[in-house]
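Student: Take a look at the following structure, please.
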Amino acid sequence: MILIDVRTKEEYESGHIKEAINHDIIDMMQGIFPDIKKDEEITIYCESGNRSMMAKRMLEEAGFRNVTDAGSINNLR
């Protein structure tokens, strides 16, 4: 499973879940997606759950098939 933090680089650097990689939702909005296999198990989170919900939709529209929205970072702590 790949854990993706969709917050900004600054938010990520101020504190994130240890195993998470950072991929800003702004990049997804510009059509830039993580270099991950489309069938990889992906879990995403953000600060409050709003961006992760949008990111899940964008990832699925881009063909990723196994995406889970964990909501806020506090849900994972």
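Going through the structure tokens in order, the chains are called A, B, and so on, while each chain numbers its residues from 1 and the ligands are numbered from 1 in the order shown.
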Near Ser48 in chain A, within 10 Å and counting only C-alpha atoms, which residues show up once chain neighbours fewer than 6 positions away are dropped, as a PyMOL selection string?

Tutor: chain A and resi 7+71-75

Student: So that I can see what lies close to range 17-20 of chain A, please list as a PyMOL selection string the residues with an atom at most 8 Å from it, counting only C-alpha atoms and leaving out residues fewer than 6 positions away in the same chain.

Tutor: chain A and resi 2-5+73+76-77

Student: Output the selection as a compact mmCIF listing (two decimals), in the first residue's frame - N, CA and C atoms for each residue.

Tutor:
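Everything below was put into part35.txt:
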# COMPACT_ATOMS: atom_id res chain seq x y z
N ILE A 2 0.48 2.22 -0.79
CA ILE A 2 1.18 3.49 -0.87
C ILE A 2 0.32 4.56 -0.20
N LEU A 3 0.92 5.29 0.72
CA LEU A 3 0.23 6.35 1.45
C LEU A 3 0.66 7.69 0.85
N ILE A 4 -0.33 8.48 0.40
CA ILE A 4 -0.03 9.76 -0.24
C ILE A 4 -0.67 10.91 0.53
N ASP A 5 0.16 11.88 0.88
CA ASP A 5 -0.26 13.12 1.52
C ASP A 5 -0.46 14.13 0.39
N ILE A 73 -5.47 13.93 8.26
CA ILE A 73 -4.26 13.36 8.85
C ILE A 73 -4.53 12.87 10.27
N LEU A 76 -5.42 9.25 10.77
CA LEU A 76 -4.35 8.27 10.66
C LEU A 76 -3.37 8.28 11.83
N ARG A 77 -3.43 9.32 12.64
CA ARG A 77 -2.51 9.42 13.78
C ARG A 77 -2.93 8.53 14.90

Student: Please indicate the distance in Å from CA of Ile44 in chain A to CA of Arg57 in chain A, rounded to one decimal place.

Tutor: 11.1 Å

Student: Could you tell me how far CA of Asp39 in chain A lies from CA of His16 in chain A, in Å and to one decimal?

Tutor: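 Computing it gives 24.4 Å between the two atoms.
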
Student: Step one, run DSSP on the backbone; step two, keep only residues of chain A assigned to strand (DSSP E); then write them as a list of chain:residue names.

Tutor: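 In chain A, DSSP puts these residues in strand (DSSP E): A:Ile2, A:Leu3, A:Ile4, A:Asp5, A:Ile21, A:Asn22, A:Ile42, A:Thr43, A:Ile44, A:Tyr45, A:Cys46, A:Val67, A:Thr68, A:Asp69, A:Ala70, A:Gly71, A:Ser72.
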
Student: Keeping only N, CA and C atoms, write the selected residues as a compact mmCIF listing (two decimals), in the first residue's frame.

Tutor:
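After the write, out-v4.txt holds the following:
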# COMPACT_ATOMS: atom_id res chain seq x y z
N ILE A 2 0.48 2.22 -0.79
CA ILE A 2 1.18 3.49 -0.87
C ILE A 2 0.32 4.56 -0.20
N LEU A 3 0.92 5.29 0.72
CA LEU A 3 0.23 6.35 1.45
C LEU A 3 0.66 7.69 0.85
N ILE A 4 -0.33 8.48 0.40
CA ILE A 4 -0.03 9.76 -0.24
C ILE A 4 -0.67 10.91 0.53
N ASP A 5 0.16 11.88 0.88
CA ASP A 5 -0.26 13.12 1.52
C ASP A 5 -0.46 14.13 0.39
N ILE A 21 4.23 9.60 1.14
CA ILE A 21 4.92 10.43 0.16
C ILE A 21 4.05 11.65 -0.06
N ASN A 22 4.64 12.71 -0.55
CA ASN A 22 3.89 13.94 -0.79
C ASN A 22 3.63 14.10 -2.29
N ILE A 42 -3.69 2.43 -3.02
CA ILE A 42 -3.31 3.79 -2.62
C ILE A 42 -4.27 4.29 -1.55
N THR A 43 -3.72 4.88 -0.50
CA THR A 43 -4.51 5.57 0.51
C THR A 43 -4.04 7.01 0.54
N ILE A 44 -4.99 7.93 0.52
CA ILE A 44 -4.65 9.35 0.49
C ILE A 44 -5.24 10.07 1.71
N TYR A 45 -4.58 11.14 2.09
CA TYR A 45 -5.09 11.98 3.19
C TYR A 45 -4.65 13.42 2.98
N CYS A 46 -5.28 14.32 3.72
CA CYS A 46 -4.92 15.74 3.71
C CYS A 46 -5.12 16.29 5.12
N VAL A 67 -8.16 3.13 -4.85
CA VAL A 67 -7.87 4.33 -4.07
C VAL A 67 -8.82 4.42 -2.87
N THR A 68 -8.23 4.63 -1.70
CA THR A 68 -9.00 4.82 -0.47
C THR A 68 -8.74 6.22 0.07
N ASP A 69 -9.79 6.90 0.44
CA ASP A 69 -9.69 8.22 1.05
C ASP A 69 -9.72 8.06 2.56
N ALA A 70 -8.58 8.34 3.22
CA ALA A 70 -8.51 8.23 4.68
C ALA A 70 -8.98 9.50 5.36
N GLY A 71 -9.25 10.54 4.58
CA GLY A 71 -9.71 11.80 5.18
C GLY A 71 -8.57 12.62 5.74
N SER A 72 -8.74 13.08 6.97
CA SER A 72 -7.76 13.98 7.57
C SER A 72 -6.56 13.21 8.15

Student: Identify, on the basis of only C-alpha atoms, every residue whose closest approach to Ile26 in chain A does not exceed 10 Å; exclude the query and any residue fewer than 2 positions from it along the same chain; express the result as a PyMOL selection string.

Tutor: chain A and resi 6-8+23-24+28-32+51+55

Student: Can you tell me, as an mmCIF file with N, CA and C atoms, in the first residue's frame, which residues in chain A count as alpha helix (DSSP H) by DSSP?

Tutor:
data_model
loop_
_atom_site.group_PDB
_atom_site.id
_atom_site.type_symbol
_atom_site.label_atom_id
_atom_site.label_comp_id
_atom_site.auth_asym_id
_atom_site.auth_seq_id
_atom_site.Cartn_x
_atom_site.Cartn_y
_atom_site.Cartn_z
ATOM 1 N N LYS A 9 3.694 21.070 -0.089
ATOM 2 C CA LYS A 9 5.016 20.666 0.383
ATOM 3 C C LYS A 9 5.289 21.236 1.774
ATOM 4 N N GLU A 10 4.889 22.487 1.989
ATOM 5 C CA GLU A 10 5.114 23.131 3.285
ATOM 6 C C GLU A 10 4.332 22.426 4.395
ATOM 7 N N GLU A 11 3.074 22.073 4.124
ATOM 8 C CA GLU A 11 2.277 21.351 5.119
ATOM 9 C C GLU A 11 2.900 19.989 5.414
ATOM 10 N N TYR A 12 3.305 19.294 4.354
ATOM 11 C CA TYR A 12 3.929 17.979 4.498
ATOM 12 C C TYR A 12 5.179 18.074 5.362
ATOM 13 N N GLU A 13 6.026 19.061 5.079
ATOM 14 C CA GLU A 13 7.280 19.209 5.822
ATOM 15 C C GLU A 13 7.060 19.621 7.272
ATOM 16 N N ILE A 25 -2.095 18.140 -4.303
ATOM 17 C CA ILE A 25 -3.309 18.059 -5.111
ATOM 18 C C ILE A 25 -3.283 19.056 -6.279
ATOM 19 N N ILE A 26 -2.570 20.160 -6.123
ATOM 20 C CA ILE A 26 -2.450 21.136 -7.211
ATOM 21 C C ILE A 26 -1.823 20.475 -8.446
ATOM 22 N N ASP A 27 -0.846 19.610 -8.222
ATOM 23 C CA ASP A 27 -0.244 18.878 -9.342
ATOM 24 C C ASP A 27 -1.289 18.006 -10.040
ATOM 25 N N MET A 28 -2.128 17.330 -9.247
ATOM 26 C CA MET A 28 -3.184 16.497 -9.834
ATOM 27 C C MET A 28 -4.149 17.345 -10.649
ATOM 28 N N MET A 29 -4.461 18.530 -10.153
ATOM 29 C CA MET A 29 -5.359 19.425 -10.874
ATOM 30 C C MET A 29 -4.765 19.830 -12.225
ATOM 31 N N ASN A 50 -11.111 17.357 2.811
ATOM 32 C CA ASN A 50 -11.663 17.936 1.585
ATOM 33 C C ASN A 50 -10.785 17.658 0.370
ATOM 34 N N ARG A 51 -9.491 17.941 0.489
ATOM 35 C CA ARG A 51 -8.585 17.721 -0.646
ATOM 36 C C ARG A 51 -8.433 16.247 -0.955
ATOM 37 N N SER A 52 -8.423 15.395 0.065
ATOM 38 C CA SER A 52 -8.282 13.963 -0.206
ATOM 39 C C SER A 52 -9.508 13.436 -0.957
ATOM 40 N N MET A 53 -10.679 13.963 -0.651
ATOM 41 C CA MET A 53 -11.892 13.561 -1.362
ATOM 42 C C MET A 53 -11.779 13.953 -2.841
ATOM 43 N N MET A 54 -11.312 15.169 -3.113
ATOM 44 C CA MET A 54 -11.143 15.608 -4.500
ATOM 45 C C MET A 54 -10.049 14.799 -5.198
ATOM 46 N N ALA A 55 -8.967 14.530 -4.484
ATOM 47 C CA ALA A 55 -7.858 13.776 -5.064
ATOM 48 C C ALA A 55 -8.286 12.360 -5.421
ATOM 49 N N LYS A 56 -9.093 11.740 -4.575
ATOM 50 C CA LYS A 56 -9.596 10.382 -4.868
ATOM 51 C C LYS A 56 -10.359 10.382 -6.181
ATOM 52 N N ARG A 57 -11.226 11.347 -6.350
ATOM 53 C CA ARG A 57 -12.006 11.441 -7.579
ATOM 54 C C ARG A 57 -11.099 11.638 -8.797
ATOM 55 N N MET A 58 -10.117 12.523 -8.676
ATOM 56 C CA MET A 58 -9.209 12.777 -9.793
ATOM 57 C C MET A 58 -8.372 11.546 -10.134
ATOM 58 N N LEU A 59 -7.887 10.857 -9.107
ATOM 59 C CA LEU A 59 -7.102 9.644 -9.347
ATOM 60 C C LEU A 59 -7.942 8.588 -10.059
ATOM 61 N N GLU A 60 -9.167 8.414 -9.603
ATOM 62 C CA GLU A 60 -10.048 7.420 -10.234
ATOM 63 C C GLU A 60 -10.363 7.810 -11.673
ATOM 64 N N GLU A 61 -10.589 9.087 -11.922
ATOM 65 C CA GLU A 61 -10.852 9.546 -13.289
ATOM 66 C C GLU A 61 -9.628 9.353 -14.185
ATOM 67 N N ILE A 73 -5.472 13.934 8.257
ATOM 68 C CA ILE A 73 -4.258 13.365 8.847
ATOM 69 C C ILE A 73 -4.528 12.875 10.265
ATOM 70 N N ASN A 74 -5.434 13.531 10.973
ATOM 71 C CA ASN A 74 -5.758 13.120 12.341
ATOM 72 C C ASN A 74 -6.415 11.748 12.387
ATOM 73 N N ASN A 75 -7.094 11.346 11.316
ATOM 74 C CA ASN A 75 -7.681 10.010 11.259
ATOM 75 C C ASN A 75 -6.608 8.928 11.264
ATOM 76 N N LEU A 76 -5.419 9.254 10.775
ATOM 77 C CA LEU A 76 -4.346 8.273 10.659
ATOM 78 C C LEU A 76 -3.370 8.283 11.833
#
